[in-house]
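Chemist: Take this structure, written in structure tokens, and hold onto it; I'll ask about it next.
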4 protein chains.
Amino acid sequence: MTTIDLNSDLGESFGRWTLGSDTELMKVITSANVACGYHAGDPGVMRATVRLARDAGVAVGAHPGLPDLAGFGRRNMAVSAEEVEDMVLYQVGALAAIAATEGVRLQHVKPHGALYNMAVKDRSLADAIAHAVRAYDARLVLFALPGSALEEAGRAAGLRVAREGFADRAYEADGSLTPRTRPGAVIHAPPDVIGRAVRLARDGVVRADDGTDIPMRVDTICTHGDTPASHDLTRLLRAGLEADGIAVAALGTAS
Amino acid sequence: MTTIDLNSDLGESFGRWTLGSDTELMKVITSANVACGYHAGDPGVMRATVRLARDAGVAVGAHPGLPDLAGFGRRNMAVSAEEVEDMVLYQVGALAAIAATEGVRLQHVKPHGALYNMAVKDRSLADAIAHAVRAYDARLVLFALPGSALEEAGRAAGLRVAREGFADRAYEADGSLTPRTRPGAVIHAPPDVIGRAVRLARDGVVRADDGTDIPMRVDTICTHGDTPASHDLTRLLRAGLEADGIAVAALGTAS
Amino acid sequence: MTTIDLNSDLGESFGRWTLGSDTELMKVITSANVACGYHAGDPGVMRATVRLARDAGVAVGAHPGLPDLAGFGRRNMAVSAEEVEDMVLYQVGALAAIAATEGVRLQHVKPHGALYNMAVKDRSLADAIAHAVRAYDARLVLFALPGSALEEAGRAAGLRVAREGFADRAYEADGSLTPRTRPGAVIHAPPDVIGRAVRLARDGVVRADDGTDIPMRVDTICTHGDTPASHDLTRLLRAGLEADGIAVAALGTAS
Amino acid sequence: MTTIDLNSDLGESFGRWTLGSDTELMKVITSANVACGYHAGDPGVMRATVRLARDAGVAVGAHPGLPDLAGFGRRNMAVSAEEVEDMVLYQVGALAAIAATEGVRLQHVKPHGALYNMAVKDRSLADAIAHAVRAYDARLVLFALPGSALEEAGRAAGLRVAREGFADRAYEADGSLTPRTRPGAVIHAPPDVIGRAVRLARDGVVRADDGTDIPMRVDTICTHGDTPASHDLTRLLRAGLEADGIAVAALGTAS
């Protein structure tokens with residue numbers, strides 16, 4: 001039976017500000033990427049999010065980002081590999097401590113925003129992330145874009161890598177994501193998104209921008225929950241996968 | 001044979017700014033309280049400080065503070081017990097992760113500055129700190145002012161508590177520290193400081209402001225290293241203790 | 001004809017996070033207290049808020065707060081008078097610069113949250129705020145709780161002070177606000193809030209907790225807009241004032 | 001008579017951390033670039049630095065940077081032109097307010113670190129800076145690398161631009177600075193630095209890496225003061241200029 005993980009970014013509130021419909025989303029996804037205080041999240045939000053995930057049976061992962069609260073970690077920064085390794089460790093350790101006191105062990109690490117995007121292309125930053133994860137806990141799963149420097153770095157470090165697909169994003173023929181600045185880069189129609197999710201999960205294939213089908217084997221599909229519409233879509237997406245006989249389940253950690 | 005620990009705050013640099021003579025101080029002390037990024041320190045500084053301590057055979061502890069970089073964690077803030085518990089966990093976890101990848105396990109936790117001072121008097125904040133430490137790792141030693149709410153909270157939580165003395169600070173007859181705003185609150189003359197350290201370590205006694213000797217059993221003595229003078233004094237203090245036959249050694253963790 | 005100003009805190013979004021229904025609220029209020037980046041707001045939010053106010057004909061004031069983004073400036077901090085004077089100047093100057101490039105001159109300054117509350121009682125902090133405002137621009141109006149140290153400081157500094165009333169808060173017989181922790185401290189029923197606003201504006205009187213009417217002359221009434229309900233209430237409140245023949249208008253600056 | 005300005009970055013302390021020998025440097029330079037809180041500096045440091053400058057007869061300028069305290073504003077960030085315009089205004093306004101209360105009007109604006117470097121090459125960011133300065137106060141002088149996008153943007157905005165030279169940096173034949181990563185990029189020998197400063201100021205010429213003399217007319221020379229050695233060098237440099245009959249004086253503002 002085909003199995004796929006559904007992951008989403010959560011715990012992105014900060015202090016007085018709330019973001020996302022975490023409670024609702026937890027009913028649908030199987031892996032939660034929890035912000036660790038650098039681009040979003042604070043210790044109280046982190047604890048609340050871990051509790052929500054635990055009570056909903058959702059696996060918890062760290063979602064470390066760049067130290068850019070004002071930019072939500074979405075602005076590339078010229079950070080060194082050494083800085084990245086240390087900041088990832090810092091954030092993963094902080095979340096792991098809070099999670100441990102709630103009886104939760106981390107399942108995975110997924111870099112956030114600009115850190116993720118830079119690690120897709122920059123092997124030295126990707127290695128820094130992989131080294132940090134490996135050094136801290138070799139059982140952690142590293143989430144990565146298929147074919148990216150991050151996937152390569154994770155495998156080179158001996159980590160289990162979860163290849164991540166995006167059902168609501170257009171792909172280029174070379175397997176990279178169509179930049180958001182291009183028209184059609186984001187797919188909004190629910191049937192299209194669900195259809196792409198099913199093909200990603202069941203067939204390991206996605207239709208690229210040029211109309212050709214390209215291979216894209218993935219272990220987890222990224223969904224969004226920061227708007228009511230996106231949350232509804234995630235619910236439909238899960239239902240669509242299950243209607244197609246695909247099991248939706250977390251990845252678990254290596255034993 | 002009498003044994004005493006010498007602790008000092010280290011790793012208080014941040015980014016471009018350096019503070020303290022950590023390298024020199026590591027040759028003299030036995031326990032390092034390492035800043036965790038909230039009032040000072042950053043992930044790179046934390047790693048460098050842990051390495052220095054490890055290579056010098058100095059035990060490493062977390063020194064969590066209030067989220068007040070501009071105020072160096074020295075300004076009291078009306079934080080809730082819940083906020084304190086979460087921010088302590090966050091900081092201890094972050095340092096522990098970095099330390100673990102350097103082969104170092106944390107020995108202790110000592111709250112910093114205003115957080116320490118508030119926890120001396122406020123039992124609910126003290127409990128929050130003790131709960132965070134206990135929940136994260138019950139083997140960690142909690143540093144506390146003798147007779148304080150923090151000591152009580154640590155013992156109530158079942159933690160090993162290290163009672164901390166200050167050889168360069170004046171004490172009131174009730175065992176509290178003379179406020180820094182009062183003349184004579186800080187003792188500068190090296191012979192006086194060394195003499196008080198020896199009495200604290202060997203006899204468990206300190207002379208109070210009113211001239212009476214009061215009992216003050218301590219497990220660790222706090223020293224300073226943020227000025228060349230204070231660093232020299234710490235060296236003399238250690239030599240003075242050893243000349244008196246007192247062993248200077250870290251506390252170790254509970255087994 | 002009786003005239004009253006309606007003020008509200010706006011521009012409290014930050015980066016990715018939005019807060020409040022500023023666009024709607026601007027249609028109803030006459031003075032906007034704009035966050036200046038310490039407790040909320042960022043340069044982009046500040047500019048957008050000034051534009052909204054200008055286009056709606058709403059007067060703009062600075063709403064400086066404590067440097068506590070995680071706590072939204074609501075946690076008391078042991079800041080010195082000197083620190084307060086400098087941080088108020090910093091924030092007022094930053095907003096004034098952005099406002100000037102949008103063709104807007106600031107009308108007033110209202111300290112935010114814990115800074116406001118501390119300045120109600122602590123004359124040295126109140127003086128620091130008043131000195132900063134006076135030194136920067138003597139034409140600015142200082143918003144203050146009637147009878148507070150902040151009002152006294154403003155008058156002593158020669159500033160025009162706008163006495164501020166709260167239609168949705170209970171008052172003690174001595175004219176102070178009933179602490180929020182007490183039941184009944186916040187008044188929710190729209191007719192009650194409107195009735196109290198009318199009495200504050202028209203009669204300079206408010207009914208205190210013990211049932212007696214106490215004098216409370218005010219120049220401006222604080223309203224809230226961070227929830228849809230509160231925004232609706234503000235609209236009703238303005239309509240209620242106008243139905244009673246009270247003009248709702250900004251204060252203007254001294255000439 | 002030839003006249004040249006000597007500028008230096010000052011006010012780079014932050015909270016508990018001190019940096020630079022500002023007091024000594026103020027005796028030698030003629031224009032101070034004062035950090036504005038984003039990459040260094042805090043309101044108290046800003047006020048103290050303005051006072052130092054005023055008392056020493058040194059002109060004061062704003063030194064706005066990227067919002068990256070941990071990286072000292074030296075890490076490139078993918079900020080938008082709109083974000084840059086607003087953050088420059090914010091910082092310039094904050095410093096101008098503090099300076100005004102000390103009786104000082106700003107002379108100039110010099111972007112700091114990565115913001116400066118990005119604006120050398122990126123015209124849209126350069127325009128954003130120039131627009132912010134122009135909109136705030138058209139009399140302010142904009143400091144810029146000769147031939148850079150920043151110089152062009154300043155002139156296009158109608159600002160007075162001060163062309164800046166670096167006596168301790170190697171130049172390429174095209175007039176750009178040799179990257180710091182290349183050997184010989186920084187010139188340390190005092191006689192060499194002084195000789196280059198004299199040629200920059202008197203002849204408008206600098207010897208490039210390839211041994212040819214290239215034209216380099218400058219209005220101000222940047223010096224450093226963050227180490228005792230660099231401060232001594234600045235003193236020698238000024239003496240060398242004056243010994244050669246060159247007047248060292250601030251630029252003044254347009255009338």
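Residues are referred to by chain and number: the chain letter is A, B, ... according to the order shown in the structure tokens, the number counts from 1 in that chain, and ligands are numbered separately from 1 in the order shown.
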List the spatial neighbours of Arg207 of chain C as a ChimeraX atom specification - criterion: any atom at most 10 Å away, only C-alpha atoms, same-chain residues fewer than 5 positions off excluded.
Modeler: /C:170-173,175,196,199-200,212-216
Chemist: Output N, CA and C atoms of each residue in that selection to a file, as an mmCIF file, in the first residue's frame.
Modeler:
data_model
loop_
_atom_site.group_PDB
_atom_site.id
_atom_site.type_symbol
_atom_site.label_atom_id
_atom_site.label_comp_id
_atom_site.auth_asym_id
_atom_site.auth_seq_id
_atom_site.Cartn_x
_atom_site.Cartn_y
_atom_site.Cartn_z
ATOM 1 N N ALA C 170 -13.899 50.162 34.198
ATOM 2 C CA ALA C 170 -14.447 50.619 35.473
ATOM 3 C C ALA C 170 -13.425 51.499 36.190
ATOM 4 N N TYR C 171 -13.931 52.466 36.934
ATOM 5 C CA TYR C 171 -13.074 53.373 37.715
ATOM 6 C C TYR C 171 -13.300 53.158 39.207
ATOM 7 N N GLU C 172 -12.245 53.367 39.970
ATOM 8 C CA GLU C 172 -12.377 53.382 41.425
ATOM 9 C C GLU C 172 -12.863 54.767 41.859
ATOM 10 N N ALA C 173 -13.272 54.854 43.101
ATOM 11 C CA ALA C 173 -13.774 56.133 43.618
ATOM 12 C C ALA C 173 -12.688 57.210 43.611
ATOM 13 N N GLY C 175 -10.662 57.711 41.220
ATOM 14 C CA GLY C 175 -10.375 58.116 39.850
ATOM 15 C C GLY C 175 -9.388 57.226 39.126
ATOM 16 N N ARG C 196 -21.394 55.693 29.086
ATOM 17 C CA ARG C 196 -20.265 56.223 29.852
ATOM 18 C C ARG C 196 -19.449 57.205 29.017
ATOM 19 N N ARG C 199 -21.251 60.527 29.019
ATOM 20 C CA ARG C 199 -21.106 61.255 30.291
ATOM 21 C C ARG C 199 -19.689 61.808 30.445
ATOM 22 N N LEU C 200 -18.699 61.016 30.042
ATOM 23 C CA LEU C 200 -17.309 61.501 30.107
ATOM 24 C C LEU C 200 -17.148 62.756 29.250
ATOM 25 N N THR C 212 -20.865 55.936 43.136
ATOM 26 C CA THR C 212 -20.874 57.399 43.167
ATOM 27 C C THR C 212 -20.391 57.959 41.829
ATOM 28 N N ASP C 213 -20.861 59.137 41.491
ATOM 29 C CA ASP C 213 -20.356 59.829 40.311
ATOM 30 C C ASP C 213 -19.131 60.646 40.704
ATOM 31 N N ILE C 214 -18.079 60.490 39.938
ATOM 32 C CA ILE C 214 -16.863 61.260 40.236
ATOM 33 C C ILE C 214 -16.520 62.129 39.028
ATOM 34 N N PRO C 215 -15.937 63.296 39.289
ATOM 35 C CA PRO C 215 -15.556 64.163 38.179
ATOM 36 C C PRO C 215 -14.422 63.530 37.376
ATOM 37 N N MET C 216 -14.533 63.576 36.057
ATOM 38 C CA MET C 216 -13.505 63.004 35.191
ATOM 39 C C MET C 216 -13.541 63.758 33.857
#
Chemist: So that I can check the surroundings of segment 228-236 of chain C, please list as a count of residues only every protein, DNA and RNA residue that reaches within 7 Å of it, counting only C-alpha atoms and ignoring chain neighbours fewer than 4 positions away.
Modeler: 6
Chemist: If the cut-off is 9 Å, can you tell me the residues of chain B near chain D, counting only C-alpha atoms? I'd like them as a count of residues only.
Modeler: 12
Chemist: Between atom CA of Ala56 of chain C and atom CA of Met26 of chain C, what is the distance in Å, rounded to a tenth?
Modeler: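 Rounded to one decimal, the two atoms are 6.2 Å apart.
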Chemist: With a distance cut-off of 8 Å and only C-alpha atoms, select the neighbouring residues of Ser80 of chain C, excluding the residue or stretch itself and same-chain residues fewer than 3 positions from it, and output the selection as an NGL selection string.
Modeler: :C and (83-84 or 125)
Chemist: Mind giving me the straight-line distance from atom CA of Val186 of chain C to atom CA of Gly113 of chain C in Å, one decimal?
Modeler: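 So the answer is 16.0 Å.
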Chemist: Please provide the set of residues having any atom within 10 Å of Lys27 of chain B, restricted to only C-alpha atoms, with same-chain residues fewer than 6 positions apart removed, written as a PyMOL selection string.
Modeler: chain B and resi 52-53+55-58+235
Chemist: Mind pulling up the distance from atom CA of Gln107 of chain C to atom CA of Ser31 of chain C?
Modeler: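 Between atom CA of Ser31 of chain C and atom CA of Gln107 of chain C the gap is 8.3 Å.
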Chemist: Just checking: using only C-alpha atoms, which residue out of D:Glu152, D:Glu24, D:Glu164, D:Glu102 ends up closest to Asp122 of chain D?
Modeler: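 Under the stated criterion, the closest residue is D:Glu152.
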Chemist: Compile the contact shell of Phe166 of chain C as number ranges by chain: residues with an atom at most 12 Å away, counting only C-alpha atoms, same-chain residues fewer than 6 positions apart removed.
Modeler: C: 5-8, 144-146, 175-178, 185-187, 193-201, 205-207, 216-224, 234, 237
Chemist: Take the residues from that selection and write them out as a tab-separated table (two decimals), in the first residue's frame, keeping N, CA and C atoms.
Modeler:
chain	number	residue	atom	x	y	z
C	5	ASP	N	-12.17	63.93	21.41
C	5	ASP	CA	-11.30	63.18	20.49
C	5	ASP	C	-11.48	61.69	20.76
C	6	LEU	N	-11.42	60.89	19.71
C	6	LEU	CA	-11.43	59.43	19.87
C	6	LEU	C	-10.08	58.89	19.41
C	7	ASN	N	-9.35	58.26	20.33
C	7	ASN	CA	-8.03	57.73	19.94
C	7	ASN	C	-8.01	56.21	20.03
C	8	SER	N	-7.15	55.63	19.22
C	8	SER	CA	-7.02	54.18	19.21
C	8	SER	C	-5.59	53.81	18.83
C	144	ALA	N	-2.44	61.52	28.64
C	144	ALA	CA	-2.16	61.04	30.00
C	144	ALA	C	-3.46	60.74	30.74
C	145	LEU	N	-3.37	59.79	31.65
C	145	LEU	CA	-4.48	59.49	32.54
C	145	LEU	C	-4.68	60.68	33.47
C	146	PRO	N	-5.91	61.16	33.63
C	146	PRO	CA	-6.15	62.31	34.51
C	146	PRO	C	-5.68	62.02	35.94
C	175	GLY	N	-10.66	57.71	41.22
C	175	GLY	CA	-10.37	58.12	39.85
C	175	GLY	C	-9.39	57.23	39.13
C	176	SER	N	-8.86	56.24	39.82
C	176	SER	CA	-7.94	55.32	39.13
C	176	SER	C	-8.75	54.23	38.43
C	177	LEU	N	-8.12	53.55	37.49
C	177	LEU	CA	-8.80	52.47	36.79
C	177	LEU	C	-8.84	51.23	37.66
C	178	THR	N	-9.96	50.53	37.64
C	178	THR	CA	-10.05	49.25	38.33
C	178	THR	C	-9.11	48.27	37.63
C	185	ALA	N	-13.94	44.75	35.61
C	185	ALA	CA	-12.99	45.83	35.29
C	185	ALA	C	-13.19	46.32	33.85
C	186	VAL	N	-13.56	45.39	32.98
C	186	VAL	CA	-13.80	45.77	31.59
C	186	VAL	C	-15.30	45.70	31.30
C	187	ILE	N	-15.82	46.75	30.71
C	187	ILE	CA	-17.26	46.84	30.43
C	187	ILE	C	-17.48	46.46	28.98
C	193	VAL	N	-21.14	51.15	27.53
C	193	VAL	CA	-19.92	51.83	27.09
C	193	VAL	C	-20.27	53.18	26.47
C	194	ILE	N	-21.29	53.18	25.63
C	194	ILE	CA	-21.69	54.43	24.96
C	194	ILE	C	-22.19	55.44	26.00
C	195	GLY	N	-23.00	54.95	26.92
C	195	GLY	CA	-23.52	55.85	27.95
C	195	GLY	C	-22.40	56.49	28.76
C	196	ARG	N	-21.39	55.69	29.09
C	196	ARG	CA	-20.26	56.22	29.85
C	196	ARG	C	-19.45	57.20	29.02
C	197	ALA	N	-19.33	56.92	27.73
C	197	ALA	CA	-18.59	57.83	26.85
C	197	ALA	C	-19.28	59.18	26.79
C	198	VAL	N	-20.59	59.16	26.67
C	198	VAL	CA	-21.34	60.41	26.60
C	198	VAL	C	-21.17	61.21	27.89
C	199	ARG	N	-21.25	60.53	29.02
C	199	ARG	CA	-21.11	61.26	30.29
C	199	ARG	C	-19.69	61.81	30.44
C	200	LEU	N	-18.70	61.02	30.04
C	200	LEU	CA	-17.31	61.50	30.11
C	200	LEU	C	-17.15	62.76	29.25
C	201	ALA	N	-17.67	62.69	28.02
C	201	ALA	CA	-17.45	63.77	27.07
C	201	ALA	C	-18.29	65.00	27.41
C	205	VAL	N	-17.94	63.43	33.86
C	205	VAL	CA	-18.29	62.63	35.04
C	205	VAL	C	-18.28	61.16	34.65
C	206	VAL	N	-17.90	60.32	35.61
C	206	VAL	CA	-18.00	58.87	35.38
C	206	VAL	C	-18.49	58.23	36.68
C	207	ARG	N	-19.28	57.19	36.51
C	207	ARG	CA	-19.76	56.48	37.70
C	207	ARG	C	-18.69	55.50	38.16
C	216	MET	N	-14.53	63.58	36.06
C	216	MET	CA	-13.50	63.00	35.19
C	216	MET	C	-13.54	63.76	33.86
C	217	ARG	N	-13.01	64.95	33.86
C	217	ARG	CA	-12.95	65.72	32.63
C	217	ARG	C	-11.90	65.12	31.71
C	218	VAL	N	-12.28	64.87	30.48
C	218	VAL	CA	-11.33	64.27	29.55
C	218	VAL	C	-11.40	64.97	28.19
C	219	ASP	N	-10.28	64.90	27.49
C	219	ASP	CA	-10.18	65.51	26.15
C	219	ASP	C	-10.24	64.46	25.04
C	220	THR	N	-9.95	63.22	25.41
C	220	THR	CA	-9.91	62.15	24.42
C	220	THR	C	-10.37	60.87	25.08
C	221	ILE	N	-11.04	60.04	24.30
C	221	ILE	CA	-11.49	58.74	24.81
C	221	ILE	C	-10.80	57.66	24.02
C	222	CYS	N	-10.25	56.69	24.78
C	222	CYS	CA	-9.50	55.59	24.15
C	222	CYS	C	-10.46	54.49	23.73
C	223	THR	N	-10.34	54.05	22.48
C	223	THR	CA	-11.15	52.95	22.01
C	223	THR	C	-10.24	51.87	21.45
C	224	HIS	N	-10.80	50.72	21.19
C	224	HIS	CA	-9.98	49.58	20.77
C	224	HIS	C	-10.46	49.04	19.44
C	234	THR	N	-16.62	50.70	18.61
C	234	THR	CA	-16.10	52.04	18.40
C	234	THR	C	-17.00	52.82	17.45
C	237	LEU	N	-20.03	53.77	19.33
C	237	LEU	CA	-19.70	54.79	20.32
C	237	LEU	C	-19.66	56.17	19.67
Chemist: Would you kindly return, as a VMD selection string, each protein, DNA or RNA residue with an atom no farther than 7 Å from any atom of Ala97 of chain B, considering only C-alpha atoms and excluding same-chain residues fewer than 4 positions away?
Modeler: (chain A and resid 89 to 90 93 136) or (chain B and resid 93 101)
